[in-house]
>>> print(open('data-v3.txt').read())   # compact mmCIF, C-alpha atoms
# COMPACT_ATOMS: atom_id res chain seq x y z
CA MET X 1 55.05 -37.35 0.04
CA LYS X 2 57.07 -36.87 -3.12
CA LYS X 3 60.06 -38.68 -1.59
CA THR X 4 57.83 -41.51 -0.41
CA SER X 5 56.35 -41.93 -3.87
CA LEU X 6 59.80 -41.92 -5.41
CA CYS X 7 61.00 -44.56 -2.97
CA LEU X 8 57.99 -46.77 -3.70
CA LEU X 9 58.46 -46.36 -7.43
CA ILE X 10 62.13 -47.28 -7.24
CA THR X 11 61.33 -50.27 -5.05
CA MET X 12 58.64 -51.50 -7.44
CA LEU X 13 60.76 -50.94 -10.52
CA SER X 14 63.84 -52.56 -9.08
CA SER X 15 62.04 -55.56 -7.69
CA GLY X 16 60.18 -56.11 -10.99
CA VAL X 17 63.23 -55.71 -13.15
CA PHE X 18 65.39 -57.62 -10.71
CA GLY X 19 63.00 -60.52 -10.72
CA GLN X 20 63.22 -60.72 -14.47
CA ALA X 21 66.95 -60.28 -14.49
CA LEU X 22 67.41 -62.97 -11.87
CA LEU X 23 65.99 -65.51 -14.27
CA ARG X 24 68.52 -64.41 -16.86
CA TRP X 25 71.37 -64.36 -14.32
CA ASN X 26 70.95 -68.06 -13.83
CA TYR X 27 71.48 -68.54 -17.48
CA PRO X 28 74.44 -70.95 -17.37
CA CYS X 29 76.32 -69.82 -20.41
CA LYS X 30 79.36 -67.59 -19.82
CA PRO X 31 82.41 -67.05 -22.08
CA GLY X 32 84.79 -69.94 -21.66
CA HIS X 33 82.00 -72.22 -20.46
CA GLU X 34 81.27 -75.29 -22.48
CA CYS X 35 77.81 -74.28 -23.52
CA TRP X 36 79.00 -70.81 -24.58
CA ASN X 37 80.31 -72.31 -27.76
CA ALA X 38 76.91 -73.87 -28.29
CA LEU X 39 75.40 -70.41 -28.66
CA LYS X 40 75.91 -70.16 -32.33
CA SER X 41 74.32 -66.84 -33.14
CA VAL X 42 75.84 -63.48 -32.27
CA ASP X 43 72.41 -62.40 -30.95
CA GLU X 44 72.32 -65.12 -28.35
CA ARG X 45 75.78 -64.20 -27.07
CA GLN X 46 74.93 -60.50 -26.98
CA ASN X 47 71.76 -61.23 -25.02
CA ALA X 48 73.65 -63.16 -22.42
CA ARG X 49 76.08 -60.23 -21.95
CA ALA X 50 73.21 -57.71 -21.82
CA PHE X 51 71.43 -59.63 -19.08
CA LYS X 52 74.60 -59.69 -17.04
CA LEU X 53 75.03 -55.92 -17.45
CA LEU X 54 71.38 -55.28 -16.57
CA SER X 55 71.76 -57.23 -13.37
CA LEU X 56 74.75 -55.09 -12.35
CA MET X 57 72.76 -51.90 -13.03
CA ILE X 58 69.97 -53.07 -10.76
CA ILE X 59 72.19 -53.34 -7.69
CA PRO X 60 72.49 -49.53 -7.15
CA LEU X 61 68.72 -49.20 -7.63
CA MET X 62 68.16 -51.82 -4.94
CA LEU X 63 70.50 -49.96 -2.60
CA ILE X 64 68.59 -46.68 -3.09
CA ALA X 65 65.27 -48.42 -2.53
CA GLY X 66 66.65 -49.98 0.62
CA SER X 67 67.50 -46.55 2.02
CA CYS X 68 63.87 -45.44 1.83
CA THR X 69 62.93 -46.28 5.37
CA GLU X 70 59.76 -45.75 7.31
CA THR X 71 61.62 -43.25 9.53
CA GLN X 72 61.81 -40.84 6.61
CA ILE X 73 58.05 -40.95 6.07
CA ARG X 74 57.34 -40.50 9.76
CA GLU X 75 59.67 -37.52 9.88
CA TYR X 76 57.42 -35.64 7.44
CA GLU X 77 54.30 -36.50 9.37
CA ALA X 78 55.89 -35.29 12.60
CA THR X 79 56.99 -31.99 11.05
CA ASP X 80 53.43 -31.29 9.96
CA LEU X 81 52.46 -31.09 13.63
CA CYS X 82 54.17 -27.71 14.04
CA PHE X 83 51.05 -26.16 12.48
CA THR X 84 47.64 -27.21 13.78
CA LYS X 85 44.38 -25.33 14.33
CA GLU X 86 44.92 -25.58 18.09
CA LEU X 87 48.45 -24.14 17.90
CA LEU X 88 47.12 -21.27 15.80
CA GLU X 89 45.16 -20.16 18.84
CA THR X 90 47.81 -20.83 21.48
CA VAL X 91 51.34 -20.16 20.14
CA PRO X 92 51.95 -16.42 20.81
CA TRP X 93 53.35 -15.38 17.41
CA MET X 94 50.67 -17.30 15.49
CA LYS X 95 47.97 -15.94 17.76
CA ALA X 96 49.20 -12.36 17.32
CA GLU X 97 49.36 -12.67 13.53
CA LEU X 98 45.85 -14.13 13.41
CA ALA X 99 44.43 -11.47 15.76
CA TRP X 100 45.98 -8.73 13.61
CA PHE X 101 44.22 -9.96 10.46
CA GLN X 102 40.92 -10.56 12.25
CA GLN X 103 40.34 -6.90 13.08
CA PRO X 104 37.48 -5.04 11.40
CA LYS X 105 38.19 -3.51 7.96
CA MET X 106 40.92 -6.02 7.21
CA GLY X 107 39.19 -7.78 4.32
CA PHE X 108 39.46 -11.42 3.26
CA LEU X 109 41.84 -13.76 5.08
CA ARG X 110 42.89 -17.30 4.33
CA VAL X 111 45.20 -19.23 6.66
CA SER X 112 46.84 -22.22 4.97
CA VAL X 113 49.64 -24.68 5.53
CA TYR X 114 51.87 -25.36 2.54
CA ARG X 115 54.63 -27.86 1.99
CA TYR X 116 57.60 -26.38 0.15
CA ARG X 117 60.72 -28.44 -0.57
CA GLY X 118 59.97 -30.82 2.29
CA ASP X 119 59.25 -28.16 4.93
CA TYR X 120 55.97 -26.76 6.21
CA TYR X 121 54.92 -23.11 6.10
CA LEU X 122 51.98 -21.24 7.59
CA ALA X 123 50.59 -18.54 5.27
CA PHE X 124 48.29 -15.67 6.27
CA GLU X 125 46.92 -14.55 2.92
CA ASN X 126 45.10 -11.23 3.15
CA PHE X 127 43.73 -9.97 -0.14
CA LEU X 128 44.78 -6.38 0.37
CA THR X 129 48.20 -6.83 1.92
CA SER X 130 51.12 -5.05 0.24
CA SER X 131 53.95 -7.26 1.45
CA PRO X 132 52.75 -10.90 1.49
CA ILE X 133 56.32 -12.18 1.86
CA SER X 134 56.37 -11.23 5.53
CA HIS X 135 53.21 -13.19 6.32
CA ILE X 136 54.41 -16.69 5.37
CA PHE X 137 56.28 -18.45 8.18
CA ASN X 138 58.27 -21.61 8.80
CA CYS X 139 57.87 -23.71 11.94
CA SER X 140 60.20 -21.38 13.87
CA GLY X 141 58.17 -18.29 13.01
CA GLN X 142 60.64 -16.88 10.47
CA HIS X 143 59.05 -15.35 7.38
CA LEU X 144 60.07 -15.93 3.75
CA GLY X 145 62.12 -12.72 3.65
CA GLU X 146 64.19 -13.77 6.64
CA LEU X 147 64.70 -17.18 5.06
CA ASN X 148 65.74 -15.66 1.71
CA ILE X 149 63.03 -17.60 -0.10
CA ASN X 150 61.70 -15.95 -3.25
CA TYR X 151 57.93 -15.41 -3.06
CA ASN X 152 57.17 -16.55 -6.61
CA GLU X 153 59.52 -19.51 -6.46
CA PHE X 154 57.75 -20.51 -3.24
CA TYR X 155 54.26 -20.42 -4.77
CA GLU X 156 55.39 -22.30 -7.86
CA ASN X 157 56.58 -25.22 -5.73
CA ILE X 158 54.06 -25.63 -2.95
CA GLU X 159 51.51 -28.24 -2.08
CA THR X 160 48.56 -27.23 0.12
CA THR X 161 48.32 -29.54 3.12
CA ALA X 162 45.65 -27.71 5.14
CA VAL X 163 43.36 -24.67 5.07
CA PHE X 164 42.54 -23.56 8.62
CA LEU X 165 40.46 -20.51 7.87
CA GLU X 166 38.77 -18.54 5.08
CA ASP X 167 36.76 -15.51 6.18
CA ASN X 168 36.02 -11.81 5.69
CA TYR X 169 36.76 -9.21 8.36
CA MET B 1 88.07 -20.92 -15.66
CA LYS B 2 87.34 -17.98 -17.97
CA ASN B 3 84.31 -19.77 -19.37
CA THR B 4 82.96 -20.38 -15.86
CA GLN B 5 83.29 -16.68 -15.01
CA ILE B 6 81.56 -15.64 -18.24
CA GLY B 7 78.82 -18.17 -17.52
CA LEU B 8 78.28 -16.81 -14.02
CA ILE B 9 78.12 -13.23 -15.30
CA LEU B 10 75.58 -14.27 -17.94
CA ILE B 11 73.46 -16.01 -15.29
CA VAL B 12 73.47 -12.86 -13.12
CA ILE B 13 72.51 -10.69 -16.10
CA LEU B 14 69.74 -13.10 -17.12
CA GLN B 15 68.43 -13.20 -13.55
CA GLN B 16 68.23 -9.41 -13.50
CA ILE B 17 66.37 -9.38 -16.82
CA CYS B 18 63.96 -12.09 -15.63
CA ASN B 19 63.32 -10.25 -12.37
CA GLY B 20 62.67 -7.02 -14.28
CA GLN B 21 65.27 -4.83 -12.60
CA VAL B 22 63.73 -1.70 -11.06
CA ASN B 23 65.78 1.45 -10.43
CA THR B 24 64.91 4.61 -8.50
CA PRO B 25 64.77 7.87 -10.52
CA ASN B 26 68.38 8.48 -9.43
CA GLY B 27 69.43 5.07 -10.75
CA VAL B 28 69.76 3.14 -7.49
CA PRO B 29 68.60 -0.48 -7.99
CA VAL B 30 65.74 -1.77 -5.87
CA PRO B 31 66.79 -5.09 -4.23
CA ALA B 32 65.76 -8.00 -6.48
CA ALA B 33 64.45 -9.87 -3.41
CA ALA B 34 61.85 -7.13 -2.97
CA LEU B 35 60.27 -7.68 -6.40
CA PHE B 36 57.45 -10.15 -6.89
CA VAL B 37 54.11 -10.86 -8.59
CA TYR B 38 51.05 -11.97 -6.61
CA SER B 39 50.24 -15.66 -7.05
CA ALA B 40 47.45 -16.20 -9.59
CA VAL B 41 46.57 -19.52 -7.98
CA LYS B 42 46.10 -18.14 -4.47
CA TYR B 43 44.55 -14.82 -5.49
CA SER B 44 41.86 -15.94 -7.95
CA ASP B 45 39.90 -13.64 -10.25
CA ALA B 46 36.65 -14.44 -8.42
CA GLN B 47 38.12 -13.55 -5.02
CA LEU B 48 39.75 -10.37 -6.27
CA GLN B 49 36.51 -9.32 -8.01
CA SER B 50 34.60 -9.94 -4.78
CA GLU B 51 37.05 -7.76 -2.83
CA GLN B 52 36.83 -5.10 -5.52
CA ASN B 53 33.02 -5.10 -5.19
CA ASN B 54 33.38 -4.62 -1.42
CA ILE B 55 35.59 -1.58 -2.00
CA GLN B 56 33.14 -0.19 -4.57
CA ASN B 57 30.27 -0.71 -2.13
CA GLY B 58 31.99 1.42 0.51
CA ALA B 59 33.31 -1.28 2.85
CA TYR B 60 36.41 0.83 3.52
CA GLY B 61 34.82 4.29 3.28
CA SER B 62 32.44 6.17 1.01
CA SER B 63 35.20 8.20 -0.64
CA CYS B 64 36.65 5.17 -2.46
CA VAL B 65 36.44 5.37 -6.24
CA ILE B 66 37.95 2.62 -8.34
CA LEU B 67 40.22 4.04 -11.05
CA SER B 68 41.46 0.75 -12.43
CA GLY B 69 40.50 -2.91 -11.81
CA TYR B 70 42.39 -5.47 -9.76
CA SER B 71 45.82 -6.61 -10.94
CA ARG B 72 48.35 -9.02 -9.47
CA ASN B 73 51.16 -7.30 -11.36
CA TYR B 74 51.63 -4.23 -9.14
CA ASN B 75 50.98 -3.21 -5.56
CA CYS B 76 50.80 0.08 -3.65
CA HIS B 77 54.57 0.58 -3.37
CA GLY B 78 55.07 -0.42 -7.00
CA TYR B 79 52.42 2.08 -8.09
CA ALA B 80 53.49 5.03 -5.93
CA TRP B 81 57.24 4.77 -6.45
CA HIS B 82 57.62 3.24 -9.90
CA VAL B 83 54.46 2.93 -12.02
CA SER B 84 53.18 6.48 -11.35
CA THR B 85 56.45 7.89 -12.69
CA GLY B 86 56.14 5.95 -15.94
CA GLY B 87 57.73 2.65 -14.89
CA ALA B 88 56.47 -0.81 -15.78
CA GLN B 89 53.99 -2.52 -13.46
CA THR B 90 55.77 -4.18 -10.56
CA CYS B 91 55.20 -5.28 -6.97
CA ILE B 92 57.68 -3.91 -4.44
CA ASP B 93 57.93 -5.45 -0.98
CA GLN B 94 58.92 -3.05 1.77
CA VAL B 95 58.51 -4.99 5.03
CA SER B 96 61.03 -7.75 4.42
CA GLY B 97 62.67 -6.66 1.17
CA GLY B 98 63.12 -2.96 1.95
CA GLY B 99 62.15 -2.12 -1.63
CA VAL B 100 60.96 1.45 -0.91
CA THR B 101 63.98 2.42 1.21
CA PRO B 102 66.37 3.25 -1.71
CA TYR B 103 63.88 5.85 -2.96
CA ALA B 104 64.16 7.95 0.20
CA ALA B 105 67.30 6.85 2.05
CA GLY B 106 70.77 5.39 1.57
CA VAL B 107 73.07 6.37 -1.28
CA ASN B 108 71.68 9.01 -3.64
CA PRO B 109 68.00 9.02 -2.56
CA SER B 110 65.52 10.38 -5.11
CA TYR B 111 63.02 11.78 -2.60
CA THR B 112 63.25 13.95 0.48
CA GLN B 113 60.84 14.13 3.37
CA THR B 114 58.52 17.10 3.60
CA SER B 115 55.34 18.18 5.38
CA TYR B 116 52.13 17.19 3.70
CA ASN B 117 49.99 19.93 2.22
CA SER B 118 46.70 18.83 0.71
CA THR B 119 47.11 21.22 -2.22
CA ILE B 120 50.39 19.68 -3.34
CA GLY B 121 49.67 17.04 -5.92
CA LYS B 122 51.94 14.18 -6.94
CA THR B 123 53.48 13.82 -3.49
CA ARG B 124 54.36 10.29 -2.51
CA ILE B 125 53.02 9.26 0.87
CA ARG B 126 54.28 6.46 3.09
CA TYR B 127 51.71 5.37 5.64
CA SER B 128 52.79 4.20 9.08
CA GLY B 129 51.44 0.82 8.03
CA ASP B 130 52.57 -1.14 4.99
CA HIS B 131 51.21 1.25 2.36
CA SER B 132 52.18 3.95 -0.14
CA ALA B 133 50.07 6.43 -2.11
CA VAL B 134 50.29 9.40 -4.45
CA THR B 135 48.41 12.62 -3.61
CA THR B 136 46.21 14.59 -5.99
CA PHE B 137 45.67 18.33 -6.24
CA ASP B 138 42.15 17.98 -4.81
CA GLY B 139 43.40 16.60 -1.48
CA LYS B 140 42.74 12.94 -2.29
CA PHE B 141 45.09 9.96 -2.37
CA ILE B 142 45.53 7.44 -5.17
CA SER B 143 46.80 4.02 -4.16
CA LYS B 144 46.84 0.40 -5.28
CA TRP B 145 45.34 -2.01 -2.76
CA GLY B 146 47.48 -5.16 -2.69
CA PRO B 147 46.53 -7.29 -5.73
CA GLY B 148 43.19 -5.42 -5.70
CA PRO B 149 42.20 -2.29 -7.65
CA LEU B 150 43.73 1.19 -7.99
CA VAL B 151 41.62 3.44 -5.78
CA LYS B 152 41.16 7.19 -5.27
CA HIS B 153 40.22 7.83 -1.66
CA ASN B 154 40.44 10.02 1.43
CA ALA B 155 43.63 9.56 3.46
CA LEU B 156 42.15 7.19 6.03
CA ASP B 157 39.57 5.39 3.89
CA VAL B 158 41.84 2.37 3.50
CA PRO B 159 41.95 -1.13 5.02
CA LEU B 160 43.29 -1.09 8.55
CA ALA B 161 46.40 -3.09 7.60
CA MET B 162 47.48 -0.26 5.30
CA ALA B 163 46.74 2.68 7.57
CA THR B 164 48.37 1.28 10.64
CA ARG B 165 50.31 -1.42 12.32
CA ARG B 166 49.56 -0.34 15.88
CA ARG B 167 49.45 3.37 14.84
CA VAL B 168 46.99 5.40 12.75
CA GLY B 169 47.48 7.76 9.88
CA PRO B 170 50.05 8.69 7.29
CA VAL B 171 53.17 9.94 9.04
CA ASN B 172 55.94 10.03 6.47
CA MET B 173 55.42 12.46 3.64
CA LEU B 174 58.00 12.15 0.92
CA HIS B 175 58.03 14.75 -1.81
CA HIS B 176 60.03 14.49 -4.97
>>> encode(input="data-v3.txt", output="structure tokens")
Amino acid sequence: MKKTSLCLLITMLSSGVFGQALLRWNYPCKPGHECWNALKSVDERQNARAFKLLSLMIIPLMLIAGSCTETQIREYEATDLCFTKELLETVPWMKAELAWFQQPKMGFLRVSVYRYRGDYYLAFENFLTSSPISHIFNCSGQHLGELNINYNEFYENIETTAVFLEDNY
Amino acid sequence: MKNTQIGLILIVILQQICNGQVNTPNGVPVPAAALFVYSAVKYSDAQLQSEQNNIQNGAYGSSCVILSGYSRNYNCHGYAWHVSTGGAQTCIDQVSGGGVTPYAAGVNPSYTQTSYNSTIGKTRIRYSGDHSAVTTFDGKFISKWGPGPLVKHNALDVPLAMATRRRVGPVNMLHH
């Protein structure tokens, strides 16, 4: 989502600025040209140079915007599918984790999907668990500890994409 | 080159300070990856208070007495192995970070395993599940329940996740 927004922003900025700059680019006066000498003031000459420079700066922006394809956006949507409510009840490791927390005397449980640095994670958040790091998994079923992801760094950079369950056991 | 090395050393030192380095009584450092603080966003005051009320109302056994209110800054392992010996509040992860292991195993362990006797106070207990506690002279246990409160309780009056992961009861008794 963040990448998509960035791409859109760059596209909008570059097209807006480029449109303006294009008008200036067509400005006929260049050094050595006949009309250049007609630009009497230093300001006018400086402006002409600045517009030229601005136009050159816009080219890289346009190239970046061009690389933001629809494929990239679809890739994120597809990745999200590794965690669904249905899979929670059918994929063995997810099912086992859920069943463990749904036993009596286990307390409050929330099952959420978070997006962290472009990847999706399934979190089983029990309010009395001592080692929460081992209950947050990536799409392959590896927990944060195995992935060497710091617990606090993770929570400081997540976006909640779904909450599957909130209940007391 | 020298400047880069100095910079890297400074970064490592700063990281250790920021993570609040924890050492065992014998001076062995607990892995930095095992130290954390519960998320304030995901474990809200209202939810923690609600869980604390459940404990107070006997949801996990009638022996439970709350000694101190909920806190995200330390957990059961942090309390039993570090806070109860005068250390600063900290959360220690055992399952993936192996934060309790240096206290009882490896190079220069501070604790040795012994048989539990209910009259021996201040013994550190490791449950077969993901839980640690400190014993009292009156045969009770004192333990911190996740980000929840500090509780005095009978050995098995704890949430199931703490007492067992497929097995029941405290099995490893570690006495300092």
>>> residues_near_point(input="data-v3.txt", point="(51.7, 12.9, -4.4)", cutoff="8 Å", atoms="all atoms listed in the file", output="ChimeraX atom specification")
/B:120-125,133-136,141,175
>>> interface_residues(input="data-v3.txt", of="chain X", to="chain B", cutoff="8 Å", atoms="only C-alpha atoms", output="list in words")
Phe101, Gln103, Pro104, Lys105, Met106, Gly107, Phe108, Phe127, Leu128, Thr129, Ser130, Ser131, Pro132, Ile133, Ser134, Gly145, Glu146, Asn148, Asn150, Tyr151, Asn152 and Tyr155 of chain X
>>> residues_near_point(input="data-v3.txt", point="(55.2, -26.3, 5.6)", cutoff="12 Å", atoms="only C-alpha atoms", output="PDB file with C-alpha atoms, in the coordinates of the input")
ATOM      1  CA  TYR X  76      57.420 -35.640   7.440  1.00  0.00           C
ATOM      2  CA  GLU X  77      54.300 -36.500   9.370  1.00  0.00           C
ATOM      3  CA  ALA X  78      55.890 -35.290  12.600  1.00  0.00           C
ATOM      4  CA  THR X  79      56.990 -31.990  11.050  1.00  0.00           C
ATOM      5  CA  ASP X  80      53.430 -31.290   9.960  1.00  0.00           C
ATOM      6  CA  LEU X  81      52.460 -31.090  13.630  1.00  0.00           C
ATOM      7  CA  CYS X  82      54.170 -27.710  14.040  1.00  0.00           C
ATOM      8  CA  PHE X  83      51.050 -26.160  12.480  1.00  0.00           C
ATOM      9  CA  THR X  84      47.640 -27.210  13.780  1.00  0.00           C
ATOM     10  CA  SER X 112      46.840 -22.220   4.970  1.00  0.00           C
ATOM     11  CA  VAL X 113      49.640 -24.680   5.530  1.00  0.00           C
ATOM     12  CA  TYR X 114      51.870 -25.360   2.540  1.00  0.00           C
ATOM     13  CA  ARG X 115      54.630 -27.860   1.990  1.00  0.00           C
ATOM     14  CA  TYR X 116      57.600 -26.380   0.150  1.00  0.00           C
ATOM     15  CA  ARG X 117      60.720 -28.440  -0.570  1.00  0.00           C
ATOM     16  CA  GLY X 118      59.970 -30.820   2.290  1.00  0.00           C
ATOM     17  CA  ASP X 119      59.250 -28.160   4.930  1.00  0.00           C
ATOM     18  CA  TYR X 120      55.970 -26.760   6.210  1.00  0.00           C
ATOM     19  CA  TYR X 121      54.920 -23.110   6.100  1.00  0.00           C
ATOM     20  CA  LEU X 122      51.980 -21.240   7.590  1.00  0.00           C
ATOM     21  CA  ALA X 123      50.590 -18.540   5.270  1.00  0.00           C
ATOM     22  CA  ILE X 136      54.410 -16.690   5.370  1.00  0.00           C
ATOM     23  CA  PHE X 137      56.280 -18.450   8.180  1.00  0.00           C
ATOM     24  CA  ASN X 138      58.270 -21.610   8.800  1.00  0.00           C
ATOM     25  CA  CYS X 139      57.870 -23.710  11.940  1.00  0.00           C
ATOM     26  CA  SER X 140      60.200 -21.380  13.870  1.00  0.00           C
ATOM     27  CA  GLY X 141      58.170 -18.290  13.010  1.00  0.00           C
ATOM     28  CA  GLN X 142      60.640 -16.880  10.470  1.00  0.00           C
ATOM     29  CA  HIS X 143      59.050 -15.350   7.380  1.00  0.00           C
ATOM     30  CA  LEU X 144      60.070 -15.930   3.750  1.00  0.00           C
ATOM     31  CA  PHE X 154      57.750 -20.510  -3.240  1.00  0.00           C
ATOM     32  CA  TYR X 155      54.260 -20.420  -4.770  1.00  0.00           C
ATOM     33  CA  ASN X 157      56.580 -25.220  -5.730  1.00  0.00           C
ATOM     34  CA  ILE X 158      54.060 -25.630  -2.950  1.00  0.00           C
ATOM     35  CA  GLU X 159      51.510 -28.240  -2.080  1.00  0.00           C
ATOM     36  CA  THR X 160      48.560 -27.230   0.120  1.00  0.00           C
ATOM     37  CA  THR X 161      48.320 -29.540   3.120  1.00  0.00           C
ATOM     38  CA  ALA X 162      45.650 -27.710   5.140  1.00  0.00           C
ATOM     39  CA  VAL X 163      43.360 -24.670   5.070  1.00  0.00           C
TER      40      VAL X 163
END
>>> residues_around(input="data-v3.txt", residues="X:Val111", least_positions_apart="5", cutoff="7 Å", atoms="all atoms listed in the file", output="compact mmCIF listing (two decimals) with C-alpha atoms, keeping the file's coordinate frame")
# COMPACT_ATOMS: atom_id res chain seq x y z
CA ALA X 123 50.59 -18.54 5.27
CA PHE X 124 48.29 -15.67 6.27
CA GLU X 125 46.92 -14.55 2.92
CA VAL X 163 43.36 -24.67 5.07
CA PHE X 164 42.54 -23.56 8.62
CA LEU X 165 40.46 -20.51 7.87
CA GLU X 166 38.77 -18.54 5.08
>>> closest_residue(input="data-v3.txt", among="X:Glu156, X:Ile149, X:Asn126, X:His135", to="X:Gln102", atoms="all atoms listed in the file")
X:Asn126
>>> atom_distance(input="data-v3.txt", atom1="atom CA of B:Asn26", atom2="atom CA of B:Pro109")
6.9 Å
>>> atom_distance(input="data-v3.txt", atom1="atom CA of B:Ala163", atom2="atom CA of B:Lys140")
14.8 Å
>>> atom_distance(input="data-v3.txt", atom1="atom CA of B:Ser68", atom2="atom CA of X:Tyr169")
23.5 Å
>>> build_atoms(input="data-v3.txt", residues="stretch 31-45 of chain B", atoms="N, CA and C atoms", output="PDB file, keeping the file's coordinate frame")
ATOM      1  N   PRO B  31      66.342  -3.703  -4.419  1.00  0.00           N
ATOM      2  CA  PRO B  31      66.790  -5.090  -4.230  1.00  0.00           C
ATOM      3  C   PRO B  31      65.895  -6.088  -4.973  1.00  0.00           C
ATOM      4  N   ALA B  32      66.523  -7.008  -5.697  1.00  0.00           N
ATOM      5  CA  ALA B  32      65.760  -8.000  -6.480  1.00  0.00           C
ATOM      6  C   ALA B  32      64.845  -8.831  -5.586  1.00  0.00           C
ATOM      7  N   ALA B  33      65.264  -9.068  -4.338  1.00  0.00           N
ATOM      8  CA  ALA B  33      64.450  -9.870  -3.410  1.00  0.00           C
ATOM      9  C   ALA B  33      63.144  -9.185  -3.050  1.00  0.00           C
ATOM     10  N   ALA B  34      63.065  -7.880  -3.325  1.00  0.00           N
ATOM     11  CA  ALA B  34      61.850  -7.130  -2.970  1.00  0.00           C
ATOM     12  C   ALA B  34      60.822  -7.129  -4.098  1.00  0.00           C
ATOM     13  N   LEU B  35      61.172  -7.707  -5.238  1.00  0.00           N
ATOM     14  CA  LEU B  35      60.270  -7.680  -6.400  1.00  0.00           C
ATOM     15  C   LEU B  35      59.531  -9.009  -6.522  1.00  0.00           C
ATOM     16  N   PHE B  36      58.245  -8.929  -6.771  1.00  0.00           N
ATOM     17  CA  PHE B  36      57.450 -10.150  -6.890  1.00  0.00           C
ATOM     18  C   PHE B  36      56.180  -9.888  -7.682  1.00  0.00           C
ATOM     19  N   VAL B  37      55.431 -10.954  -7.953  1.00  0.00           N
ATOM     20  CA  VAL B  37      54.110 -10.860  -8.590  1.00  0.00           C
ATOM     21  C   VAL B  37      53.169 -11.712  -7.747  1.00  0.00           C
ATOM     22  N   TYR B  38      51.994 -11.199  -7.429  1.00  0.00           N
ATOM     23  CA  TYR B  38      51.050 -11.970  -6.610  1.00  0.00           C
ATOM     24  C   TYR B  38      50.689 -13.285  -7.306  1.00  0.00           C
ATOM     25  N   SER B  39      50.563 -14.336  -6.509  1.00  0.00           N
ATOM     26  CA  SER B  39      50.240 -15.660  -7.050  1.00  0.00           C
ATOM     27  C   SER B  39      48.836 -15.693  -7.652  1.00  0.00           C
ATOM     28  N   ALA B  40      48.758 -16.122  -8.924  1.00  0.00           N
ATOM     29  CA  ALA B  40      47.450 -16.200  -9.590  1.00  0.00           C
ATOM     30  C   ALA B  40      46.617 -17.353  -9.044  1.00  0.00           C
ATOM     31  N   VAL B  41      47.285 -18.358  -8.508  1.00  0.00           N
ATOM     32  CA  VAL B  41      46.570 -19.520  -7.980  1.00  0.00           C
ATOM     33  C   VAL B  41      45.896 -19.160  -6.647  1.00  0.00           C
ATOM     34  N   LYS B  42      46.624 -18.437  -5.813  1.00  0.00           N
ATOM     35  CA  LYS B  42      46.100 -18.140  -4.470  1.00  0.00           C
ATOM     36  C   LYS B  42      45.226 -16.898  -4.431  1.00  0.00           C
ATOM     37  N   TYR B  43      45.379 -16.016  -5.416  1.00  0.00           N
ATOM     38  CA  TYR B  43      44.550 -14.820  -5.490  1.00  0.00           C
ATOM     39  C   TYR B  43      43.735 -14.923  -6.786  1.00  0.00           C
ATOM     40  N   SER B  44      42.631 -15.654  -6.725  1.00  0.00           N
ATOM     41  CA  SER B  44      41.860 -15.940  -7.950  1.00  0.00           C
ATOM     42  C   SER B  44      41.083 -14.720  -8.417  1.00  0.00           C
ATOM     43  N   ASP B  45      40.689 -14.745  -9.680  1.00  0.00           N
ATOM     44  CA  ASP B  45      39.900 -13.640 -10.250  1.00  0.00           C
ATOM     45  C   ASP B  45      38.615 -13.435  -9.459  1.00  0.00           C
TER      46      ASP B  45
END
